[in-house]
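These notes concern the structure reproduced below.
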Amino acid sequence: MGNALTNLLSFIAAISILVAVHEFGHYIVGRWAGMKVLRFSIGFGKTVWTYIGGKDKTEYCVSAIPLGGYVRFLDSREGSVAPEDEGRAFDQRPIAARIVVLLAGPAFNFIFAVAAYWVLLSPGVMLLKPAVGAVSPDSYAEKAGLVFGDKIVAVGATETREWEAALVAILGEMVDDGRVPVTLENAAGQRRQTVIEVGDDKTRLTEPGVLFVGLGFEPWQPPAVIGSLPDTGAAYAAGMAVGDRITAIDGMPVTNFSDLRDAVGPRAGQAVVIDFVRDGYDESLEVVLGEQEVNGETRGLLGVALPESTNDYYYRRSYTPAESLRAAAVKTWTSTVFTVQMLSRMVTGDVSIKNISGPINIAQFAGASAQRGLSSFIGFLAIISISLGVLNLLPIPVLDGGQIVYQLVEMVKGSPMTERAQILGQQAGILALLLLMSFAFYNDILRILG
């Protein structure tokens, strides 16, 4: 029940923030373009809060259903325009201005993503180099000669210094022709090239959660073995020692340091029970976790460090303010292009449509990211904001992209589309969205059922 409530509240918060950003883009650019704004609403349905302000007496509303929002401009097609407002209706402004206003919503979603990534990147980030973990027998990975501990230094022509770049490159190469050329580096620093051949199995491997299981190897993660611990830390004070392998925290399984951070982070200052293995024997201790400030939030601190042998798999990337802004813009652009490529590949059948997520799955991700902390939730917002921007640019009449198509048609033919043509377009758009949502809900249900 607690997780469900967290998921729901996190989902509502995420949608409300991103819709507000999107609609603010339409609103502010519309005002700059000389249009009169009648209403700015976050949510649909019955209004629960209203404020009327400004010389135009604009209604600023929060409505009961927090799953969207809208900006309503004055429009002569919906009724008469007062003499003092003549020329300020949406349809009375130049076509170029209308298109800019329609583009502003998705543009603000992309700008939000840049800002979010800038916040996350500015302090610098510790990154895990892409490397091969356990390799399954008789798998695509084993046949290609991948070995535990191999670093993946390039996929095709793409240099891969961190897992995100490696994952994007692996998917990109795989969906092209079922072949993934990789350059590997072993523990001795020697490099070799190989090709992971998946053939016609490529579409199945793009299903959520299937890629690494299907390829036959796990991403390398440092085991949760204590390499060192300061005598001022919580672990030392409780009696833990170098070499202890942590297996669980308050019953939450821990297999690597990533699991350890996820388990400790939200429990700042709390007493937890830590299960571990020492000299082959299972033991447990109660530990009162310390606290540390990370990007403005309080996180739990156990006070342990990785073994030195694992340090070669990590590197810290630091940025100046200008470099972090540029990196955030590049990251947003790369994610946008990848999203568009995956959508187009779904249309051609090269990527599984099971990747389409509905509100249930998005809510689960929202809740999980919120539980991991503010930084994780900001990263989640950036990803969803990019997806929202791309989705709204699709040429579907009820979306911004479809409305832009209407304006372009009017620009070419010199007059608006007929009312009948617009109604038919709206109906087709609604049908397309219903089909899309049906796939999304179907995928959500399948994930819940396992």
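Going through the structure tokens in order, the chains are called A, B, and so on, while each chain numbers its residues from 1 and the ligands are numbered from 1 in the order shown.
Summary of the local environment: counting only C-alpha atoms, residues at most 9 Å from Tyr51 in chain A, other than itself and those fewer than 6 positions away along its chain, are Thr58, Glu59, Tyr60 and Cys61 of chain A.
Within 6 Å of range 68-78 of chain A, once only C-alpha atoms are used and residues closer than 5 positions along the same chain are dropped, the contacting residues are Val19, Lys36, Val37, Leu38, Arg39, Phe40, Ser41, Ile42, Gly43, Ala89, Phe90 and Asp91 of chain A.
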(request) Please identify all polymer residues within 10 Å of Arg278 in chain A, counting only C-alpha atoms, omitting same-chain residues fewer than 5 positions from it, and present them as a list in words. (result) Met240, Ala241, Val242, Gly243, Asp244, Arg245, Ile246, Glu283 and Ser284 of chain A
Based on the selection just made, write C-alpha atoms of those residues as a PDB file, in the first residue's frame.
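result_17.pdb written:
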```
ATOM      1  CA  MET A 240      32.179  -4.360  10.597  1.00  0.00           C
ATOM      2  CA  ALA A 241      35.542  -5.146   9.014  1.00  0.00           C
ATOM      3  CA  VAL A 242      37.450  -5.060   5.722  1.00  0.00           C
ATOM      4  CA  GLY A 243      36.512  -8.087   3.620  1.00  0.00           C
ATOM      5  CA  ASP A 244      32.922  -8.379   4.886  1.00  0.00           C
ATOM      6  CA  ARG A 245      30.518  -9.047   1.987  1.00  0.00           C
ATOM      7  CA  ILE A 246      27.173  -7.334   2.611  1.00  0.00           C
ATOM      8  CA  GLU A 283      26.389 -12.720  10.438  1.00  0.00           C
ATOM      9  CA  SER A 284      24.296  -9.629  11.125  1.00  0.00           C
TER      10      SER A 284
END
```
Counting only C-alpha atoms, which residues of range 190-275 of chain A fall within 12 Å of range 136-157 of chain A, and what is the closest atom pair for each with its distance in Å at one decimal, ordered by chain and rising number, as a tab-separated table?
```
residue	atom	partner	partner_atom	distance
A:Gln190	CA	A:Asp150	CA	9.8
A:Arg191	CA	A:Val153	CA	8.8
A:Arg192	CA	A:Val153	CA	10.0
A:Gln193	CA	A:Ala154	CA	9.2
A:Thr194	CA	A:Ala144	CA	6.2
A:Val195	CA	A:Ala144	CA	6.0
A:Ile196	CA	A:Ala144	CA	5.3
A:Glu197	CA	A:Tyr140	CA	6.6
A:Val198	CA	A:Tyr140	CA	6.7
A:Gly199	CA	A:Tyr140	CA	10.2
A:Asp201	CA	A:Tyr140	CA	10.6
A:Lys202	CA	A:Tyr140	CA	11.5
A:Leu205	CA	A:Tyr140	CA	11.4
A:Leu211	CA	A:Tyr140	CA	11.2
A:Phe212	CA	A:Ala141	CA	9.3
A:Val213	CA	A:Ser136	CA	8.6
A:Gly214	CA	A:Tyr140	CA	7.8
A:Leu215	CA	A:Tyr140	CA	5.3
A:Gly216	CA	A:Ser139	CA	5.0
A:Phe217	CA	A:Ser136	CA	5.9
A:Glu218	CA	A:Ser136	CA	8.6
A:Pro219	CA	A:Gly149	CA	9.5
A:Trp220	CA	A:Gly149	CA	7.0
A:Gln221	CA	A:Gly149	CA	9.6
A:Pro222	CA	A:Gly149	CA	10.4
```
Output file for the residues above (C-alpha atoms, as a compact mmCIF listing (two decimals), in the first residue's frame):
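Writing done, so here's out_38.txt:
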```txt
# COMPACT_ATOMS: atom_id res chain seq x y z
CA GLN A 190 45.07 -5.57 -24.34
CA ARG A 191 42.34 -4.75 -26.86
CA ARG A 192 40.49 -7.01 -29.25
CA GLN A 193 37.48 -6.73 -31.52
CA THR A 194 34.55 -9.10 -31.87
CA VAL A 195 30.95 -9.14 -33.11
CA ILE A 196 27.90 -10.25 -31.13
CA GLU A 197 25.61 -11.89 -33.70
CA VAL A 198 21.91 -12.01 -32.78
CA GLY A 199 20.37 -12.20 -36.27
CA ASP A 201 16.37 -12.31 -32.61
CA LYS A 202 17.05 -8.56 -32.54
CA LEU A 205 15.99 -8.42 -27.45
CA LEU A 211 18.58 -7.13 -23.60
CA PHE A 212 21.29 -8.36 -21.24
CA VAL A 213 19.52 -11.62 -20.39
CA GLY A 214 19.09 -12.24 -24.12
CA LEU A 215 22.67 -11.32 -25.02
CA GLY A 216 23.89 -13.54 -22.21
CA PHE A 217 25.91 -11.27 -19.94
CA GLU A 218 25.35 -9.00 -16.97
CA PRO A 219 26.75 -5.49 -16.70
CA TRP A 220 29.74 -5.56 -14.36
CA GLN A 221 29.07 -4.19 -10.89
CA PRO A 222 31.52 -4.05 -7.98
```
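CA of Leu391 in chain A to CA of Ala328 in chain A spans 20.7 Å [interatomic distance, one decimal].
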(message) Please compute the CA of Leu394 in chain A-CA of Leu167 in chain A distance, one decimal, in Å.
(response) 25.3 Å
(message) Quick one: residues within 12 Å of Pro106 in chain A, only C-alpha atoms, excluding same-chain residues fewer than 5 positions away - as a count of residues only?
(response) 30
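With only C-alpha atoms as the atoms that count, the minimum distance from Leu285 in chain A to the choices A:Ala366, A:Ala238, A:Ala322, A:Val81 is reached by A:Ala238.
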(message) I need the strand (DSSP E) residues of range 246-407 of chain A per DSSP on the backbone, written as a VMD selection string.
(response) chain A and resid 246 to 249 252 to 253 271 to 278 281 to 288 290 to 294 297 to 301 314 to 317
Using N, CA and C atoms, can you write the selected residues to a file as a tab-separated table (two decimals), in the first residue's frame?
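This is the output file result-v3.tsv:
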```
chain	number	residue	atom	x	y	z
A	246	ILE	N	28.53	-7.67	2.18
A	246	ILE	CA	27.17	-7.33	2.61
A	246	ILE	C	26.17	-8.02	1.68
A	247	THR	N	25.17	-8.67	2.29
A	247	THR	CA	24.17	-9.41	1.50
A	247	THR	C	22.76	-8.84	1.60
A	248	ALA	N	22.48	-8.05	2.65
A	248	ALA	CA	21.14	-7.48	2.79
A	248	ALA	C	21.16	-6.34	3.81
A	249	ILE	N	20.23	-5.39	3.61
A	249	ILE	CA	20.03	-4.30	4.57
A	249	ILE	C	18.53	-4.22	4.87
A	252	MET	N	16.46	-6.15	2.56
A	252	MET	CA	16.56	-5.83	1.14
A	252	MET	C	17.85	-6.45	0.58
A	253	PRO	N	17.75	-7.37	-0.39
A	253	PRO	CA	18.94	-8.05	-0.91
A	253	PRO	C	19.95	-7.06	-1.49
A	271	ALA	N	18.50	3.35	12.21
A	271	ALA	CA	19.11	2.09	12.63
A	271	ALA	C	18.64	0.99	11.68
A	272	VAL	N	19.58	0.26	11.08
A	272	VAL	CA	19.25	-0.80	10.13
A	272	VAL	C	19.98	-2.08	10.52
A	273	VAL	N	19.42	-3.21	10.09
A	273	VAL	CA	20.08	-4.50	10.31
A	273	VAL	C	20.80	-4.88	9.03
A	274	ILE	N	22.11	-5.10	9.14
A	274	ILE	CA	22.93	-5.45	7.98
A	274	ILE	C	23.34	-6.91	8.08
A	275	ASP	N	22.97	-7.69	7.06
A	275	ASP	CA	23.41	-9.09	6.96
A	275	ASP	C	24.66	-9.12	6.09
A	276	PHE	N	25.66	-9.93	6.50
A	276	PHE	CA	26.91	-10.01	5.74
A	276	PHE	C	27.57	-11.36	5.95
A	277	VAL	N	28.54	-11.63	5.11
A	277	VAL	CA	29.31	-12.87	5.20
A	277	VAL	C	30.74	-12.51	5.59
A	278	ARG	N	31.24	-13.16	6.65
A	278	ARG	CA	32.62	-12.95	7.11
A	278	ARG	C	33.30	-14.30	7.29
A	281	TYR	N	31.03	-17.27	7.05
A	281	TYR	CA	29.92	-17.43	7.98
A	281	TYR	C	28.95	-16.24	7.86
A	282	ASP	N	27.64	-16.56	7.94
A	282	ASP	CA	26.61	-15.51	7.88
A	282	ASP	C	26.51	-14.82	9.23
A	283	GLU	N	26.51	-13.50	9.21
A	283	GLU	CA	26.39	-12.72	10.44
A	283	GLU	C	25.49	-11.52	10.19
A	284	SER	N	25.10	-10.84	11.26
A	284	SER	CA	24.30	-9.63	11.13
A	284	SER	C	24.61	-8.68	12.28
A	285	LEU	N	24.43	-7.38	12.00
A	285	LEU	CA	24.67	-6.34	13.00
A	285	LEU	C	23.64	-5.23	12.83
A	286	GLU	N	23.31	-4.56	13.92
A	286	GLU	CA	22.49	-3.35	13.81
A	286	GLU	C	23.43	-2.15	13.71
A	287	VAL	N	23.21	-1.33	12.69
A	287	VAL	CA	24.07	-0.18	12.44
A	287	VAL	C	23.22	1.08	12.36
A	288	VAL	N	23.63	2.12	13.07
A	288	VAL	CA	22.97	3.42	12.96
A	288	VAL	C	23.70	4.21	11.87
A	290	GLY	N	25.07	7.00	9.24
A	290	GLY	CA	25.41	8.41	9.30
A	290	GLY	C	24.64	9.19	8.25
A	291	GLU	N	25.00	10.46	8.09
A	291	GLU	CA	24.32	11.34	7.13
A	291	GLU	C	25.35	12.12	6.32
A	292	GLN	N	24.97	12.44	5.07
A	292	GLN	CA	25.80	13.30	4.25
A	292	GLN	C	24.90	14.10	3.31
A	293	GLU	N	25.37	15.29	2.94
A	293	GLU	CA	24.63	16.13	2.01
A	293	GLU	C	25.12	15.86	0.59
A	294	VAL	N	24.20	15.48	-0.30
A	294	VAL	CA	24.53	15.22	-1.70
A	294	VAL	C	23.57	16.02	-2.56
A	297	GLU	N	20.51	17.31	-0.75
A	297	GLU	CA	19.62	16.40	-0.04
A	297	GLU	C	20.41	15.56	0.95
A	298	THR	N	19.77	15.17	2.04
A	298	THR	CA	20.42	14.36	3.07
A	298	THR	C	20.32	12.89	2.71
A	299	ARG	N	21.48	12.22	2.63
A	299	ARG	CA	21.53	10.81	2.24
A	299	ARG	C	22.19	10.01	3.36
A	300	GLY	N	21.80	8.73	3.44
A	300	GLY	CA	22.40	7.84	4.42
A	300	GLY	C	23.85	7.54	4.08
A	301	LEU	N	24.66	7.29	5.11
A	301	LEU	CA	26.09	7.02	4.90
A	301	LEU	C	26.51	5.86	5.81
A	314	TYR	N	36.00	2.76	-12.51
A	314	TYR	CA	35.29	4.01	-12.25
A	314	TYR	C	36.13	5.19	-12.73
A	315	TYR	N	35.47	6.27	-13.07
A	315	TYR	CA	36.19	7.53	-13.26
A	315	TYR	C	35.24	8.68	-12.94
A	316	ARG	N	35.83	9.77	-12.47
A	316	ARG	CA	35.03	10.93	-12.12
A	316	ARG	C	35.13	11.96	-13.22
A	317	ARG	N	33.97	12.45	-13.68
A	317	ARG	CA	33.95	13.48	-14.72
A	317	ARG	C	33.53	14.80	-14.07
```
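If you measure from each of A:Gly30, A:Gly79, A:Gly124, A:Gly53 to Ala97 in chain A using only C-alpha atoms, the closest one turns out to be A:Gly30.
Secondary structure of range 239-309 of chain A, helix (DSSP H, G or I) only (DSSP, backbone atoms): Phe257, Ser258, Asp259, Leu260, Arg261, Asp262, Ala263, Val264, Gly265, Pro266, Arg267, Glu308 and Ser309 of chain A.
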Would you mind exporting N, CA and C atoms of the selected residues as an mmCIF file, in the first residue's frame?
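Now in part-v3.cif:
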```cif
data_model
loop_
_atom_site.group_PDB
_atom_site.id
_atom_site.type_symbol
_atom_site.label_atom_id
_atom_site.label_comp_id
_atom_site.auth_asym_id
_atom_site.auth_seq_id
_atom_site.Cartn_x
_atom_site.Cartn_y
_atom_site.Cartn_z
ATOM 1 N N PHE A 257 27.639 -2.804 -5.031
ATOM 2 C CA PHE A 257 27.679 -1.493 -4.383
ATOM 3 C C PHE A 257 26.546 -0.585 -4.836
ATOM 4 N N SER A 258 26.026 -0.809 -6.039
ATOM 5 C CA SER A 258 24.878 -0.021 -6.493
ATOM 6 C C SER A 258 23.657 -0.327 -5.635
ATOM 7 N N ASP A 259 23.426 -1.618 -5.367
ATOM 8 C CA ASP A 259 22.337 -2.011 -4.463
ATOM 9 C C ASP A 259 22.550 -1.399 -3.076
ATOM 10 N N LEU A 260 23.809 -1.393 -2.633
ATOM 11 C CA LEU A 260 24.135 -0.874 -1.310
ATOM 12 C C LEU A 260 23.792 0.614 -1.207
ATOM 13 N N ARG A 261 24.163 1.383 -2.219
ATOM 14 C CA ARG A 261 23.841 2.818 -2.211
ATOM 15 C C ARG A 261 22.337 3.047 -2.213
ATOM 16 N N ASP A 262 21.607 2.253 -3.034
ATOM 17 C CA ASP A 262 20.150 2.403 -3.108
ATOM 18 C C ASP A 262 19.490 2.090 -1.762
ATOM 19 N N ALA A 263 20.039 1.114 -1.039
ATOM 20 C CA ALA A 263 19.448 0.713 0.241
ATOM 21 C C ALA A 263 19.785 1.700 1.352
ATOM 22 N N VAL A 264 20.989 2.247 1.334
ATOM 23 C CA VAL A 264 21.450 3.130 2.413
ATOM 24 C C VAL A 264 20.948 4.566 2.221
ATOM 25 N N GLY A 265 20.929 5.038 0.980
ATOM 26 C CA GLY A 265 20.631 6.436 0.691
ATOM 27 C C GLY A 265 19.397 7.000 1.363
ATOM 28 N N PRO A 266 18.236 6.332 1.260
ATOM 29 C CA PRO A 266 17.005 6.905 1.853
ATOM 30 C C PRO A 266 16.900 6.742 3.369
ATOM 31 N N ARG A 267 17.901 6.117 4.019
ATOM 32 C CA ARG A 267 17.775 5.785 5.449
ATOM 33 C C ARG A 267 18.728 6.603 6.326
ATOM 34 N N GLU A 308 40.352 -1.505 -3.649
ATOM 35 C CA GLU A 308 41.156 -0.773 -4.626
ATOM 36 C C GLU A 308 41.153 -1.447 -5.987
ATOM 37 N N SER A 309 40.979 -2.740 -6.038
ATOM 38 C CA SER A 309 41.020 -3.468 -7.303
ATOM 39 C C SER A 309 39.881 -3.075 -8.236
#
```
